[in-house]
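Structure below is query.cif: mmCIF, C-alpha atoms and all ligand atoms.
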```cif
data_data
#
loop_
_atom_site.label_atom_id
_atom_site.label_comp_id
_atom_site.auth_asym_id
_atom_site.auth_seq_id
_atom_site.Cartn_x
_atom_site.Cartn_y
_atom_site.Cartn_z
CA ALA A 33 3.55 -17.07 25.70
CA ALA A 34 0.41 -17.05 23.61
CA TYR A 35 0.62 -15.26 20.30
CA ASP A 36 -1.03 -11.90 20.84
CA ALA A 37 -0.89 -8.33 19.64
CA GLU A 38 1.16 -7.29 22.65
CA GLY A 39 2.96 -4.03 22.06
CA TYR A 40 0.74 -3.37 19.07
CA THR A 41 -2.82 -2.12 19.09
CA HIS A 42 -3.90 -4.61 16.47
CA PHE A 43 -2.75 -7.85 14.89
CA MET A 44 -2.92 -6.21 11.48
CA ARG A 45 -0.32 -3.64 12.50
CA LYS A 46 1.80 -6.27 14.21
CA GLU A 47 1.72 -8.43 11.08
CA ILE A 48 2.59 -5.49 8.83
CA HIS A 49 5.63 -4.90 11.01
CA GLU A 50 6.57 -8.58 10.97
CA GLN A 51 7.13 -8.47 7.22
CA PRO A 52 10.89 -7.99 7.18
CA ALA A 53 11.24 -11.12 9.34
CA ALA A 54 8.60 -13.03 7.37
CA VAL A 55 10.38 -12.30 4.08
CA GLU A 56 13.67 -13.30 5.66
CA ARG A 57 12.10 -16.66 6.58
CA ALA A 58 10.59 -17.14 3.11
CA LEU A 59 14.08 -16.69 1.64
CA ARG A 60 16.06 -18.63 4.22
CA GLY A 61 18.04 -21.51 2.72
CA ARG A 62 16.41 -21.05 -0.66
CA LEU A 63 18.74 -18.66 -2.50
CA ASP A 64 21.73 -20.12 -4.28
CA LEU A 65 24.25 -17.31 -4.61
CA ARG A 66 26.72 -19.49 -6.44
CA PHE A 67 24.55 -20.53 -9.36
CA HIS A 68 22.20 -17.52 -9.03
CA THR A 69 19.06 -19.55 -8.66
CA ALA A 70 16.60 -20.67 -6.00
CA HIS A 71 16.17 -24.11 -4.44
CA LEU A 72 12.68 -25.09 -3.47
CA GLY A 73 12.83 -28.55 -1.95
CA GLY A 74 9.14 -29.38 -1.99
CA LEU A 75 8.45 -28.81 -5.69
CA ASN A 76 8.85 -32.45 -6.72
CA LEU A 77 9.81 -31.26 -10.17
CA ASP A 78 13.11 -32.25 -11.77
CA PRO A 79 14.77 -29.91 -14.31
CA ARG A 80 13.66 -32.04 -17.25
CA GLU A 81 10.04 -31.86 -16.11
CA ALA A 82 10.40 -28.15 -15.39
CA ARG A 83 11.57 -27.58 -18.97
CA GLU A 84 8.44 -29.22 -20.31
CA ILE A 85 6.16 -26.66 -18.68
CA ARG A 86 4.46 -24.57 -21.36
CA ARG A 87 2.08 -22.58 -19.17
CA VAL A 88 1.55 -21.66 -15.55
CA LYS A 89 -1.93 -21.09 -14.12
CA ILE A 90 -2.20 -19.66 -10.63
CA LEU A 91 -5.37 -20.04 -8.56
CA GLY A 92 -6.42 -18.39 -5.31
CA CYS A 93 -9.09 -16.15 -3.81
CA GLY A 94 -9.01 -12.52 -2.76
CA SER A 95 -5.58 -11.34 -1.74
CA ALA A 96 -4.14 -14.77 -2.54
CA TYR A 97 -5.37 -14.25 -6.10
CA TYR A 98 -3.83 -10.78 -6.29
CA ALA A 99 -0.52 -12.11 -4.96
CA GLY A 100 -0.90 -14.79 -7.65
CA GLN A 101 -1.17 -12.06 -10.27
CA VAL A 102 2.12 -10.62 -9.06
CA GLY A 103 3.48 -14.18 -9.26
CA ALA A 104 2.21 -14.75 -12.80
CA GLN A 105 3.97 -11.61 -13.99
CA LEU A 106 7.20 -12.65 -12.29
CA ILE A 107 7.09 -16.09 -13.90
CA GLU A 108 6.31 -14.71 -17.32
CA GLU A 109 8.99 -12.00 -17.06
CA LEU A 110 11.77 -14.11 -15.59
CA ALA A 111 11.08 -17.57 -16.97
CA ARG A 112 9.35 -16.47 -20.18
CA ILE A 113 6.64 -19.07 -19.59
CA PRO A 114 3.13 -17.73 -20.31
CA ALA A 115 1.47 -17.37 -16.92
CA ASP A 116 -1.73 -15.98 -15.52
CA ALA A 117 -3.79 -15.99 -12.36
CA GLU A 118 -7.51 -16.63 -12.01
CA PRO A 119 -9.83 -16.64 -9.01
CA ALA A 120 -10.06 -20.27 -7.88
CA SER A 121 -13.75 -19.64 -7.28
CA GLU A 122 -14.28 -19.00 -11.01
CA PHE A 123 -11.99 -21.73 -12.26
CA ARG A 124 -13.74 -24.50 -10.36
CA TYR A 125 -17.12 -23.69 -11.86
CA ARG A 126 -16.20 -23.18 -15.51
CA ASN A 127 -15.27 -26.72 -16.52
CA PRO A 128 -11.67 -25.68 -17.34
CA VAL A 129 -9.52 -27.43 -19.92
CA VAL A 130 -6.72 -29.06 -17.94
CA GLU A 131 -3.49 -29.55 -19.83
CA ALA A 132 -0.60 -31.89 -19.05
CA ASP A 133 2.09 -29.30 -19.84
CA THR A 134 0.53 -26.62 -17.62
CA LEU A 135 1.79 -26.18 -14.09
CA TYR A 136 -1.07 -25.25 -11.76
CA VAL A 137 -0.30 -23.40 -8.55
CA ALA A 138 -2.84 -23.05 -5.73
CA VAL A 139 -2.25 -20.12 -3.35
CA SER A 140 -3.69 -19.96 0.15
CA GLN A 141 -2.60 -18.51 3.49
CA SER A 142 -4.91 -20.72 5.54
CA GLY A 143 -4.78 -23.71 3.22
CA GLU A 144 -8.46 -24.20 4.02
CA THR A 145 -10.29 -21.89 1.60
CA TYR A 146 -13.01 -24.07 0.18
CA ASP A 147 -13.09 -22.60 -3.34
CA THR A 148 -9.34 -23.05 -3.71
CA LEU A 149 -9.48 -26.59 -2.33
CA ALA A 150 -12.32 -27.43 -4.73
CA ALA A 151 -10.27 -26.04 -7.65
CA VAL A 152 -7.34 -28.27 -6.63
CA GLN A 153 -9.65 -31.29 -6.40
CA GLU A 154 -11.10 -30.52 -9.83
CA LEU A 155 -7.55 -30.34 -11.22
CA LYS A 156 -6.57 -33.61 -9.60
CA ARG A 157 -9.66 -35.31 -11.00
CA LYS A 158 -8.56 -34.20 -14.48
CA GLY A 159 -4.98 -35.29 -14.00
CA GLY A 160 -3.46 -31.81 -13.56
CA ARG A 161 -0.18 -31.23 -11.73
CA VAL A 162 -0.75 -28.81 -8.85
CA LEU A 163 1.71 -27.11 -6.54
CA GLY A 164 0.67 -25.32 -3.37
CA VAL A 165 1.96 -21.96 -2.17
CA VAL A 166 0.55 -22.18 1.32
CA ASN A 167 1.25 -20.76 4.76
CA ALA A 168 -0.48 -23.25 7.10
CA VAL A 169 1.62 -26.41 7.27
CA GLY A 170 -0.34 -29.63 6.83
CA SER A 171 -3.55 -27.78 5.83
CA ALA A 172 -6.12 -29.33 3.48
CA ILE A 173 -4.78 -27.58 0.35
CA ALA A 174 -1.15 -28.39 1.21
CA ARG A 175 -2.05 -32.06 1.62
CA GLU A 176 -4.01 -32.20 -1.62
CA CYS A 177 -1.20 -30.77 -3.83
CA ASP A 178 1.57 -32.73 -5.58
CA GLY A 179 4.22 -30.53 -4.05
CA GLY A 180 4.71 -26.96 -3.06
CA VAL A 181 6.40 -24.21 -1.15
CA TYR A 182 5.51 -23.10 2.36
CA LEU A 183 5.55 -19.38 3.14
CA HIS A 184 6.83 -19.74 6.73
CA ALA A 185 5.18 -16.38 7.44
CA GLY A 186 4.05 -17.48 10.90
CA PRO A 187 0.43 -17.29 12.09
CA GLU A 188 -1.64 -14.56 10.48
CA ILE A 189 -4.48 -13.56 12.80
CA ALA A 190 -5.92 -10.34 11.33
CA VAL A 191 -8.62 -11.03 8.76
CA ALA A 192 -6.90 -8.71 6.29
CA SER A 193 -3.88 -10.48 4.88
CA THR A 194 -0.62 -8.53 4.90
CA LYS A 195 2.46 -10.60 5.63
CA ALA A 196 1.07 -13.70 3.89
CA TYR A 197 0.39 -11.62 0.77
CA THR A 198 3.95 -10.29 0.76
CA SER A 199 5.50 -13.68 1.48
CA THR A 200 3.46 -15.22 -1.33
CA ALA A 201 4.86 -12.66 -3.77
CA VAL A 202 8.37 -13.42 -2.52
CA VAL A 203 7.86 -17.17 -2.92
CA PHE A 204 6.68 -16.58 -6.48
CA ALA A 205 9.82 -14.57 -7.15
CA LEU A 206 11.81 -17.59 -5.94
CA LEU A 207 9.77 -19.93 -8.12
CA ALA A 208 10.21 -17.60 -11.11
CA LEU A 209 13.95 -17.48 -10.49
CA HIS A 210 14.12 -21.27 -10.21
CA LEU A 211 12.08 -21.86 -13.38
CA GLY A 212 13.87 -19.01 -15.14
CA ARG A 213 17.31 -20.48 -14.55
CA ILE A 214 16.09 -23.82 -15.93
CA HIS A 215 14.57 -22.07 -18.94
CA ASP A 216 16.41 -19.02 -20.30
CA LEU A 217 17.24 -16.60 -17.49
CA SER A 218 20.94 -15.73 -17.68
CA PRO A 219 23.25 -16.17 -14.68
CA ALA A 220 23.67 -12.36 -14.64
CA ASP A 221 19.92 -11.78 -14.44
CA GLY A 222 19.60 -14.61 -11.92
CA ARG A 223 22.16 -12.88 -9.77
CA ARG A 224 20.42 -9.52 -10.13
CA ILE A 225 17.14 -11.04 -8.90
CA ALA A 226 18.77 -13.05 -6.10
CA GLU A 227 20.49 -9.92 -4.82
CA GLY A 228 17.27 -7.95 -5.17
CA LEU A 229 15.47 -10.53 -3.06
CA ARG A 230 18.12 -10.34 -0.38
CA ALA A 231 17.69 -6.57 -0.20
CA LEU A 232 13.93 -6.76 0.45
CA PRO A 233 13.80 -7.12 4.26
CA ALA A 234 15.90 -3.99 4.89
CA GLN A 235 13.93 -2.07 2.26
CA ILE A 236 10.64 -3.06 3.89
CA GLU A 237 12.05 -1.73 7.19
CA GLU A 238 12.73 1.57 5.42
CA ILE A 239 9.12 1.80 4.26
CA LEU A 240 7.78 0.97 7.74
CA LYS A 241 9.74 3.92 9.12
CA GLN A 242 7.42 6.18 7.11
CA GLU A 243 4.40 4.99 9.06
CA ASP A 244 3.66 8.31 10.79
CA ARG A 245 3.48 10.18 7.53
CA ILE A 246 1.40 7.48 5.86
CA ALA A 247 -0.96 7.57 8.88
CA GLU A 248 -1.36 11.30 8.37
CA LEU A 249 -2.23 10.80 4.70
CA ALA A 250 -4.59 7.97 5.67
CA ARG A 251 -6.49 10.30 8.01
CA GLU A 252 -6.95 12.80 5.18
CA TYR A 253 -7.96 10.27 2.55
CA ALA A 254 -10.32 8.45 4.94
CA ALA A 255 -12.59 11.48 4.66
CA TYR A 256 -13.49 10.57 1.06
CA ARG A 257 -16.35 8.19 0.34
CA SER A 258 -14.67 6.49 -2.56
CA MET A 259 -11.24 6.14 -4.13
CA LEU A 260 -9.73 4.94 -7.39
CA PHE A 261 -6.57 2.82 -7.41
CA VAL A 262 -4.68 2.74 -10.69
CA GLY A 263 -1.62 0.84 -11.84
CA ARG A 264 -0.19 -0.45 -15.09
CA VAL A 265 1.19 -3.96 -15.70
CA ARG A 266 3.44 -4.52 -12.65
CA GLY A 267 1.49 -1.89 -10.75
CA ARG A 268 -1.87 -3.37 -11.56
CA PRO A 269 -2.07 -6.17 -8.99
CA VAL A 270 -0.60 -3.73 -6.46
CA ALA A 271 -3.51 -1.38 -7.15
CA ARG A 272 -6.02 -4.23 -6.87
CA GLU A 273 -4.61 -5.41 -3.57
CA GLY A 274 -4.43 -1.82 -2.26
CA ALA A 275 -8.11 -1.27 -3.09
CA GLN A 276 -9.09 -4.59 -1.54
CA LYS A 277 -7.22 -3.79 1.68
CA LEU A 278 -8.84 -0.36 1.98
CA LYS A 279 -12.34 -1.76 1.39
CA GLU A 280 -11.89 -4.61 3.83
CA VAL A 281 -10.85 -2.68 6.88
CA SER A 282 -11.96 0.93 6.36
CA TYR A 283 -15.19 0.28 4.38
CA VAL A 284 -14.24 3.18 2.10
CA HIS A 285 -15.28 2.19 -1.38
CA ALA A 286 -12.29 1.65 -3.63
CA GLU A 287 -12.09 0.53 -7.21
CA ALA A 288 -8.91 -0.63 -8.88
CA TYR A 289 -8.46 -0.02 -12.58
CA PRO A 290 -5.64 -0.59 -15.03
CA ALA A 291 -4.30 2.93 -15.57
CA SER A 292 -4.64 2.59 -19.33
CA GLU A 293 -8.35 1.73 -19.04
CA LEU A 294 -9.30 4.94 -17.24
CA LYS A 295 -10.01 6.79 -20.46
CA HIS A 296 -12.35 4.01 -21.55
CA GLY A 297 -14.85 4.74 -18.79
CA PRO A 298 -14.00 5.52 -15.19
CA LEU A 299 -12.44 8.89 -16.01
CA ALA A 300 -16.05 10.12 -16.04
CA LEU A 301 -16.12 9.64 -12.26
CA VAL A 302 -13.03 11.71 -11.50
CA SER A 303 -13.76 14.92 -9.60
CA PRO A 304 -12.52 16.68 -6.45
CA GLU A 305 -14.65 14.14 -4.52
CA LEU A 306 -12.90 11.09 -6.01
CA PRO A 307 -9.19 10.92 -5.29
CA ALA A 308 -6.88 8.34 -6.81
CA VAL A 309 -3.98 6.29 -5.55
CA ALA A 310 -1.56 5.79 -8.44
CA VAL A 311 1.07 3.06 -8.35
CA VAL A 312 3.97 4.57 -10.28
CA PRO A 313 7.26 2.69 -10.25
CA ASP A 314 10.20 4.19 -12.10
CA ASP A 315 10.11 1.56 -14.81
CA GLU A 316 9.72 1.62 -18.58
CA LEU A 317 6.07 2.67 -18.17
CA LEU A 318 6.79 5.75 -16.06
CA ASP A 319 5.91 8.27 -18.79
CA LYS A 320 2.61 6.55 -19.47
CA ASN A 321 1.79 6.59 -15.77
CA LEU A 322 2.72 10.24 -15.42
CA SER A 323 0.36 11.12 -18.23
CA THR A 324 -2.47 9.19 -16.51
CA ILE A 325 -1.80 11.18 -13.35
CA GLY A 326 -1.95 14.35 -15.45
CA GLU A 327 -5.35 13.28 -16.80
CA ILE A 328 -6.73 12.76 -13.30
CA ARG A 329 -5.35 16.03 -11.98
CA ALA A 330 -6.68 17.92 -15.01
CA ARG A 331 -10.14 16.84 -13.77
CA ARG A 332 -9.24 18.14 -10.30
CA GLY A 333 -8.93 14.66 -8.83
CA ARG A 334 -6.44 14.52 -5.96
CA VAL A 335 -3.66 12.01 -6.59
CA LEU A 336 -1.58 10.10 -4.06
CA THR A 337 1.33 8.39 -5.78
CA VAL A 338 3.23 5.38 -4.50
CA GLY A 339 6.48 5.03 -6.35
CA HIS A 340 10.08 6.14 -6.56
CA ARG A 341 9.71 9.91 -6.92
CA GLU A 342 7.66 12.84 -5.64
CA THR A 343 4.77 13.30 -8.06
CA GLY A 344 1.06 13.90 -7.65
CA ASP A 345 -0.51 15.98 -4.88
CA ASP A 346 0.87 13.64 -2.24
CA ALA A 347 3.57 11.02 -2.62
CA ILE A 348 4.88 8.00 -0.77
CA VAL A 349 8.35 7.13 -1.99
CA VAL A 350 9.68 3.59 -1.57
CA PRO A 351 13.23 2.29 -2.11
CA LYS A 352 14.01 1.00 -5.57
CA ASN A 353 14.77 -2.66 -6.12
CA GLU A 354 14.93 -4.54 -9.43
CA PRO A 355 11.91 -3.53 -11.57
CA GLU A 356 10.50 -7.07 -11.46
CA LEU A 357 10.55 -7.04 -7.64
CA ASP A 358 9.26 -3.49 -7.14
CA PRO A 359 5.61 -4.61 -6.83
CA ILE A 360 6.49 -6.39 -3.58
CA LEU A 361 7.64 -3.13 -2.00
CA LEU A 362 4.93 -0.94 -3.51
CA SER A 363 2.21 -2.89 -1.68
CA ILE A 364 3.54 -2.18 1.81
CA PRO A 365 2.54 1.54 2.05
CA LEU A 366 -0.95 0.62 0.85
CA GLN A 367 -1.34 -1.80 3.78
CA LEU A 368 -0.43 1.01 6.17
CA LEU A 369 -2.76 3.38 4.35
CA ALA A 370 -5.69 0.95 4.76
CA TYR A 371 -4.83 0.18 8.36
CA HIS A 372 -4.62 3.82 9.44
CA ALA A 373 -7.73 4.78 7.47
CA ALA A 374 -9.63 2.08 9.39
CA VAL A 375 -8.22 3.26 12.72
CA ALA A 376 -9.12 6.87 11.90
CA LEU A 377 -12.69 5.79 11.16
CA GLY A 378 -12.88 3.79 14.38
CA HIS A 379 -13.43 0.36 12.84
CA ASP A 380 -12.67 -3.08 14.25
CA VAL A 381 -9.49 -3.47 12.19
CA ASP A 382 -8.71 -7.10 12.95
CA LYS A 383 -12.25 -8.35 12.51
CA PRO A 384 -13.99 -6.37 9.77
CA ARG A 385 -17.73 -6.81 9.53
CA ASN A 386 -19.10 -9.58 7.27
CA LEU A 387 -15.72 -11.28 6.79
CA ALA A 388 -14.08 -14.45 8.09
CA LYS A 389 -10.36 -15.11 8.15
CA SER A 390 -10.78 -18.15 6.05
CA VAL A 391 -13.84 -19.01 4.00
CA THR A 392 -14.18 -22.75 4.47
CA VAL A 393 -17.70 -23.00 3.06
CA GLU A 394 -19.12 -22.63 -0.47
C1 LIG A 401 -7.36 -10.91 2.52
O1 LIG A 401 -7.15 -9.66 3.07
C2 LIG A 401 -8.76 -11.40 2.58
N1 LIG A 401 -9.30 -11.45 3.88
C3 LIG A 401 -9.11 -12.56 1.67
O2 LIG A 401 -9.21 -12.03 0.38
C4 LIG A 401 -8.19 -13.79 1.65
O3 LIG A 401 -6.96 -13.45 1.09
C5 LIG A 401 -8.88 -14.91 0.86
O4 LIG A 401 -10.10 -15.25 1.49
C6 LIG A 401 -8.01 -16.14 0.70
O5 LIG A 401 -7.65 -16.72 1.91
P1 LIG A 401 -6.55 -17.83 1.96
O6 LIG A 401 -5.27 -17.21 1.54
O7 LIG A 401 -6.52 -18.29 3.39
O8 LIG A 401 -6.96 -18.92 1.01
#
```
Let me see whether you can do it: turn the structure in this file into structure tokens.
Amino acid sequence: AAYDAEGYTHFMRKEIHEQPAAVERALRGRLDLRFHTAHLGGLNLDPREAREIRRVKILGCGSAYYAGQVGAQLIEELARIPADAEPASEFRYRNPVVEADTLYVAVSQSGETYDTLAAVQELKRKGGRVLGVVNAVGSAIARECDGGVYLHAGPEIAVASTKAYTSTAVVFALLALHLGRIHDLSPADGRRIAEGLRALPAQIEEILKQEDRIAELAREYAAYRSMLFVGRVRGRPVAREGAQKLKEVSYVHAEAYPASELKHGPLALVSPELPAVAVVPDDELLDKNLSTIGEIRARRGRVLTVGHRETGDDAIVVPKNEPELDPILLSIPLQLLAYHAAVALGHDVDKPRNLAKSVTVE
């Protein structure tokens, strides 16, 4: 039968609900529970070469870039290799310095995004080593790279990326585990992460069970014209992706800010008309995040928290995993929030105005 949204009103909702299975597929055959590492067959990188890597630079556009930011943090935390993500669209135009001991990673669901492809071509021209983290098998970006990892997320039809975003973050966790175990990650920490990864599909199911309540919150928050999304360090790309999702499908203006930067400007905007979504995992930055929430509430801004405890005016609580993997779970409620806000406002969820699923032109 043709792939359709049967049983679901929209592809976006169908794809949100496919995430436990998509993550299962991203992990299948890749976790080594004996040596507490990950095997990624298509990397074309032997351990000696992997040890030589001094930097990782991740490139992608939109949600692929935000998933790349989650990935950069995972690599830096687990493998202790300096890593960052940059929009491919910026990288390709700024005449970047390409270094032999940097591993470049191009991220794309479609594998056809022109800016990302152009960044890969620029890298190849300058002799850079590029891996692809791609969903579409045999796509232009996958073919252009020196090696890579497929997401195996299955077709993603809705313009707003959900399962590909999550699978990308999971693949980066695998890559971080693999590189970490070659660099300095201990077997005990490797095991902790491998077990955390295995727990993800069931934990995502748990979050999806809260859909009715999240839909209720979405209906309330959809009444605002604009929203702030704040997160710190691990929560920051989650906030950025949450804001992007909301903007894309509900057309509610949303701005993501690092929580610690609020006091340097955007706090001036906070009022009863500007609510905030705060990404607040129970990690070593919890106290800092709680004080940011206090600052917003002191200015009578309504706060919806996504984290591991009931705080703020409204809260969505997700299961706890390992702190490094928490960002993967924290994104899921924000997808449902965006989806149900768009439905409440009567928008064409799968095909938002002005957007294409994959931007194959300059
Ligand atoms: C995601 O919700 C967006 N529609 C968009 O940002 C997308 O992630 C971006 O255009 C990159 O697409 P790609 O993963 O197919 O390269």
**Prompt:** Please, which residues have at least one atom within 7 Å of an atom of ligand LIG 401 (chain A), using only C-alpha atoms and all ligand atoms, listed as JSON, numbers by chain?
**Reply:** {"A": [92, 93, 94, 95, 96, 139, 140, 141, 142, 143, 144, 145, 148, 191, 192, 193, 194, 277, 280, 389, 390, 391]}
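Note that atom CA of Gln367 of chain A and atom CA of Leu72 of chain A are 28.1 Å apart.
Closest approach to Ala310 of chain A among A:Gly297, A:Gly263, A:Gly326, A:Gly170 is made by A:Gly263 (distances from only C-alpha atoms).
The list of residues with at least one atom within 12 Å of Thr134 of chain A, based on all atoms listed in the file and without residues fewer than 4 positions apart in the same chain, reads Glu81, Ala82, Arg83, Glu84, Ile85, Arg86, Arg87, Val88, Lys89, Ile90, Ile113, Pro114, Ala115, Asp116, Val129, Val130, Leu155, Gly159, Gly160, Arg161, Val162 and Leu163 of chain A.
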**Point-to-point distance from atom CA of Lys383 of chain A to atom CA of Leu91 of chain A, Å rounded to tenths** = 25.1 Å
**Message:** Excluding segment 214-228 of chain A and its own-chain neighbours fewer than 4 positions away, which residues fall within 12 Å of it when counting all atoms listed in the file? Please give them as number ranges by chain.
**Reply:** A: 59, 62-71, 77-86, 106-113, 202, 205-210, 232-235, 351-358, 360-361
**Message:** When you look at segment 334-338 of chain A with a cut-off of 10 Å (counting all atoms listed in the file), what residues show up, excluding the ones that are within fewer than 6 positions of it in the same chain? I need them as a ChimeraX atom specification.
**Reply:** /A:249,253,259-263,267,271,302-313,322,325-326,328,344-350,361-366
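Among the candidates A:Val181, A:Ile48, A:Val281, A:Val55, the residue lying nearest to Val381 of chain A is A:Val281 (atoms considered: only C-alpha atoms).
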Could you work out an axis-aligned bounding box for all listed atoms of segment 208-218 of chain A, with 8 Å added on each of the six sides, and give its centre and edge lengths in Å to one decimal, as lines of an AutoDock Vina configuration file?
```
center_x = 15.6
center_y = -19.8
center_z = -15.3
size_x = 26.7
size_y = 24.1
size_z = 26.1
```
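Residue nearest Ile246 of chain A, chosen from A:Leu301, A:Leu229, A:Leu369, A:Ser199 and counting all atoms listed in the file: A:Leu369.
Relative to atom CA of Tyr136 of chain A, atom CA of Glu293 of chain A is found at 28.9 Å.
Take the candidates A:His340, A:Arg264, A:His285, A:Arg213 and check each one against Lys320 of chain A using only C-alpha atoms; the shortest distance goes to A:Arg264.
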**Message:** Please list as number ranges by chain every residue within 10 Å of Ala168 of chain A, counting only C-alpha atoms and excluding residues in the same chain fewer than 3 positions away.
**Reply:** A: 140-144, 165, 171-174, 182-188
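Nearest residue to Ala374 of chain A among A:Glu273, A:Glu252, A:Glu327, A:Asp314 is A:Glu252, counting only C-alpha atoms.
Minimum distance to Thr41 of chain A across A:Leu318, A:Leu135, A:Ala190, A:Ala99 (counting only C-alpha atoms) occurs at A:Ala190.
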**Request:** Would you list the contacts of Val284 of chain A as a ChimeraX atom specification, taking every protein, DNA or RNA residue within 7 Å and counting only C-alpha atoms, but skipping same-chain residues closer than 6 positions in sequence?
**Result:** /A:257-258,278
